[in-house]
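Undergrad: Dumping the structure here so I can ask a few things about it.
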Amino acid sequence: MNFAVSDEMEALISTIRRFIATELKPLEQEVEDKGYLEPTKAKEIFQKSKALGLYAMNVPEHLGGAGLTALETMMMEEQFGHTTDILVRRAFGNVYEVLFGANELQTQRWLLPTVQGERTGSIAITEPEAGSDAAAIQTRALKTPTGWLLSGRKHFISDGLYSDYFIVSAVTDPSAGSRGISLFLVDKDYPGVTVGKDQMMMGLRGTSHIELFFDEVALTDDNLLGEEGSGFKQILTTLGRVRLAQVGARSVGKASHILDLMIEYAGNRYQFKKPLGEFQMVQQMIADSVIDVNAARALLYRAAWEVDSDREDRDWISMVKVHAAEAANRVADRAVQIFGGMGYCKELSIERYYRDVRISRIYDGASEIHRSVIAKDAMKSGRALFDSMPIGGWR
């Protein structure tokens, strides 16, 4: 493995950092105070980002994206962790990899307009009784002579107010277990689709998290994404990449940004006539945070390498999801402690970061679920999950 950053990636990362610093950072407090991003400002940052070639960079070149490798994508996504979720969505896009399997009609109707920023979609999988257990969904799609009738309920649909279509999971064969789940592309304006309340969250201000109701929504086979019954497999693959990028990489970025603020504050804040950074216990918190960030990044890069090598990546993604999310939470907690009362005050961003990172241990599979996955596979595979060169070679 070679972690050297190419000249092209250095230039891209520098461009992203400048864009975040100059265009997005000034909007963060406004979003926090208002709870939303002004539509005119959302359009403006989209246009500026797109002009720089920064929109939908995770998309393959033949579909209009940057064609980055998984490792390069993680380097990019880490930078996104330095700002607010809703600003990332509007400036850089949110094209789910599951759309790359769209047929020609779906590519023209949903995928390409999304890559161009003309349409926006959200994943609609989570239900009141099906969170970490995606196979427990109750939403049904009943086969009809002309297609399907979709009925059910979803919630916690991120960015749902802004999105104009959804990638919806539904049971198409109740007798087949997880093999009876399919995915559908569903426009918001279809008859029978109702948007419920926006569920207010502790953090992630500005990003909506809505309820969705489907009352016998008439669909055709053109709405079926992939093969019938392949939905659960698609979910696992798609959510794996989402976890790696939007939870793992962005958690590393958020923790790195918080650590930078911690070090600056510890060097400039005086107590008992000397900087906080000269106190041993403060030094320990800073040192532990440096270790947390670098360990999480190393694990992230290893998982991305697994993806790029077309190797079994599920356990590595789970390891990143757990470690990076929990590392970011530890760093944020230490930051509040070092900043003291000001760290608990809304006047500074530390309080916001503390709230924002907490969800990373829950969404896209709670830490406990991922630990269970890792442990079961370790019991089954043994050294293959942790030995630098297991007997018999790599899996």
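Residue numbers start at 1 in each chain; chains themselves are named A, B, ... in the order of the structure tokens; ligands are numbered from 1 in the order shown.
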If we count only C-alpha atoms, what is near Asn103 of chain A at a cut-off of 12 Å, once residues fewer than 2 positions away on the same chain are taken out, given as an MDAnalysis selection string?
TA: chainID A and resid 98:101 105:112 185 221:227
Undergrad: Identify, on the basis of only C-alpha atoms, every residue whose closest approach to Asp189 of chain A does not exceed 12 Å; exclude the query and any residue fewer than 6 positions from it along the same chain; express the result as a ChimeraX atom specification.
TA: /A:163-166,195,214,217-218
Undergrad: Output N, CA and C atoms of each residue in that selection to a file, as a CSV table (one decimal), in the first residue's frame.
TA:
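out-v6.csv was written with the following content:
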```csv
chain,number,residue,atom,x,y,z
A,163,SER,N,-35.3,16.8,-1.5
A,163,SER,CA,-35.2,15.8,-2.6
A,163,SER,C,-36.5,15.7,-3.4
A,164,ASP,N,-36.4,15.4,-4.7
A,164,ASP,CA,-37.6,15.3,-5.5
A,164,ASP,C,-37.9,13.8,-5.9
A,165,TYR,N,-37.0,12.9,-5.4
A,165,TYR,CA,-37.3,11.5,-5.6
A,165,TYR,C,-36.6,10.7,-4.5
A,166,PHE,N,-37.0,9.4,-4.3
A,166,PHE,CA,-36.5,8.6,-3.3
A,166,PHE,C,-36.2,7.2,-3.8
A,195,VAL,N,-45.6,13.5,2.3
A,195,VAL,CA,-44.5,13.9,3.2
A,195,VAL,C,-45.0,14.2,4.5
A,214,PHE,N,-46.6,6.0,1.9
A,214,PHE,CA,-47.0,5.5,0.5
A,214,PHE,C,-48.3,4.8,0.6
A,217,VAL,N,-49.2,3.5,-4.1
A,217,VAL,CA,-48.5,4.3,-5.1
A,217,VAL,C,-48.3,3.4,-6.3
A,218,ALA,N,-48.9,3.8,-7.4
A,218,ALA,CA,-48.8,3.0,-8.7
A,218,ALA,C,-47.4,3.2,-9.3
```
Undergrad: Rank A:Val336, A:Ile317, A:Leu71, A:Ala176 by their smallest atom-to-atom distance to Met262 of chain A, using only C-alpha atoms, and report the top residue only.
TA: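 Checking each candidate against Met262 of chain A, we get A:Val336 as the closest.
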Undergrad: Calculate how many Å separate atom CA of His209 of chain A from atom CA of Ile157 of chain A, rounding to one decimal.
TA: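 Computed distance, atom CA of His209 of chain A to atom CA of Ile157 of chain A, equals 4.8 Å.
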Undergrad: Between A:Glu278, A:Asp308, A:Glu368, A:Glu32, which one has atoms that come closest to Val322 of chain A, using only C-alpha atoms?
TA: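 Smallest distance to Val322 of chain A is found for A:Glu368.
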Undergrad: Counting only C-alpha atoms, figure out which residue out of A:Asp7, A:Asp187, A:Glu23, A:Glu28 gets nearest to Ser349 of chain A.
TA: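 Checking each candidate against Ser349 of chain A, we get A:Glu28 as the closest.
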Undergrad: From the list A:Val168, A:Ile258, A:Ala102, A:Val115, which residue is nearest Thr139 of chain A when using only C-alpha atoms?
TA: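 Counting only C-alpha atoms, the residue closest to Thr139 of chain A is A:Val168.
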Undergrad: Just checking: using only C-alpha atoms, which residue out of A:Ile338, A:Arg302, A:Leu212, A:Glu312 ends up closest to Asn2 of chain A?
TA: A:Arg302
Undergrad: Which one of A:Tyr344, A:Tyr162, A:Trp316, A:Tyr354 sits closest to Leu385 of chain A if you count only C-alpha atoms?
TA: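 Result for the nearest residue to Leu385 of chain A: A:Trp316.
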Undergrad: Would you mind writing down, as a ChimeraX atom specification, each residue of segment 64-220 of chain A that DSSP on the backbone assigns to helix (DSSP H, G or I)?
TA: /A:70-80,85-92,97-101,104-115,134-136,174-180
Undergrad: For Leu150 of chain A, list every protein, DNA or RNA residue within 10 Å, evaluated using only C-alpha atoms, and leave out those in the same chain fewer than 4 positions away; present the list as a PyMOL selection string.
TA: chain A and resi 139-143+168-172+184+186+192-193+213-219
Undergrad: Could you find all residues in segment 232-368 of chain A that DSSP calls strand (DSSP E or B) from the backbone, and write them as number ranges by chain?
TA: A: 270-271, 274-275
Undergrad: Export N, CA and C atoms of the chosen residues as a PDB file, in the first residue's frame?
TA:
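Saved as part_12.pdb:
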```pdb
ATOM      1  N   TYR A 270      -4.704  31.230  28.560  1.00  0.00           N
ATOM      2  CA  TYR A 270      -3.812  31.190  29.725  1.00  0.00           C
ATOM      3  C   TYR A 270      -4.610  30.957  31.004  1.00  0.00           C
ATOM      4  N   GLN A 271      -4.062  30.106  31.841  1.00  0.00           N
ATOM      5  CA  GLN A 271      -4.564  29.878  33.192  1.00  0.00           C
ATOM      6  C   GLN A 271      -3.357  29.747  34.112  1.00  0.00           C
ATOM      7  N   LYS A 274       0.108  30.545  32.486  1.00  0.00           N
ATOM      8  CA  LYS A 274       0.746  29.763  31.421  1.00  0.00           C
ATOM      9  C   LYS A 274      -0.335  29.161  30.525  1.00  0.00           C
ATOM     10  N   PRO A 275       0.028  28.852  29.268  1.00  0.00           N
ATOM     11  CA  PRO A 275      -0.968  28.307  28.335  1.00  0.00           C
ATOM     12  C   PRO A 275      -1.537  26.977  28.826  1.00  0.00           C
TER      13      PRO A 275
END
```
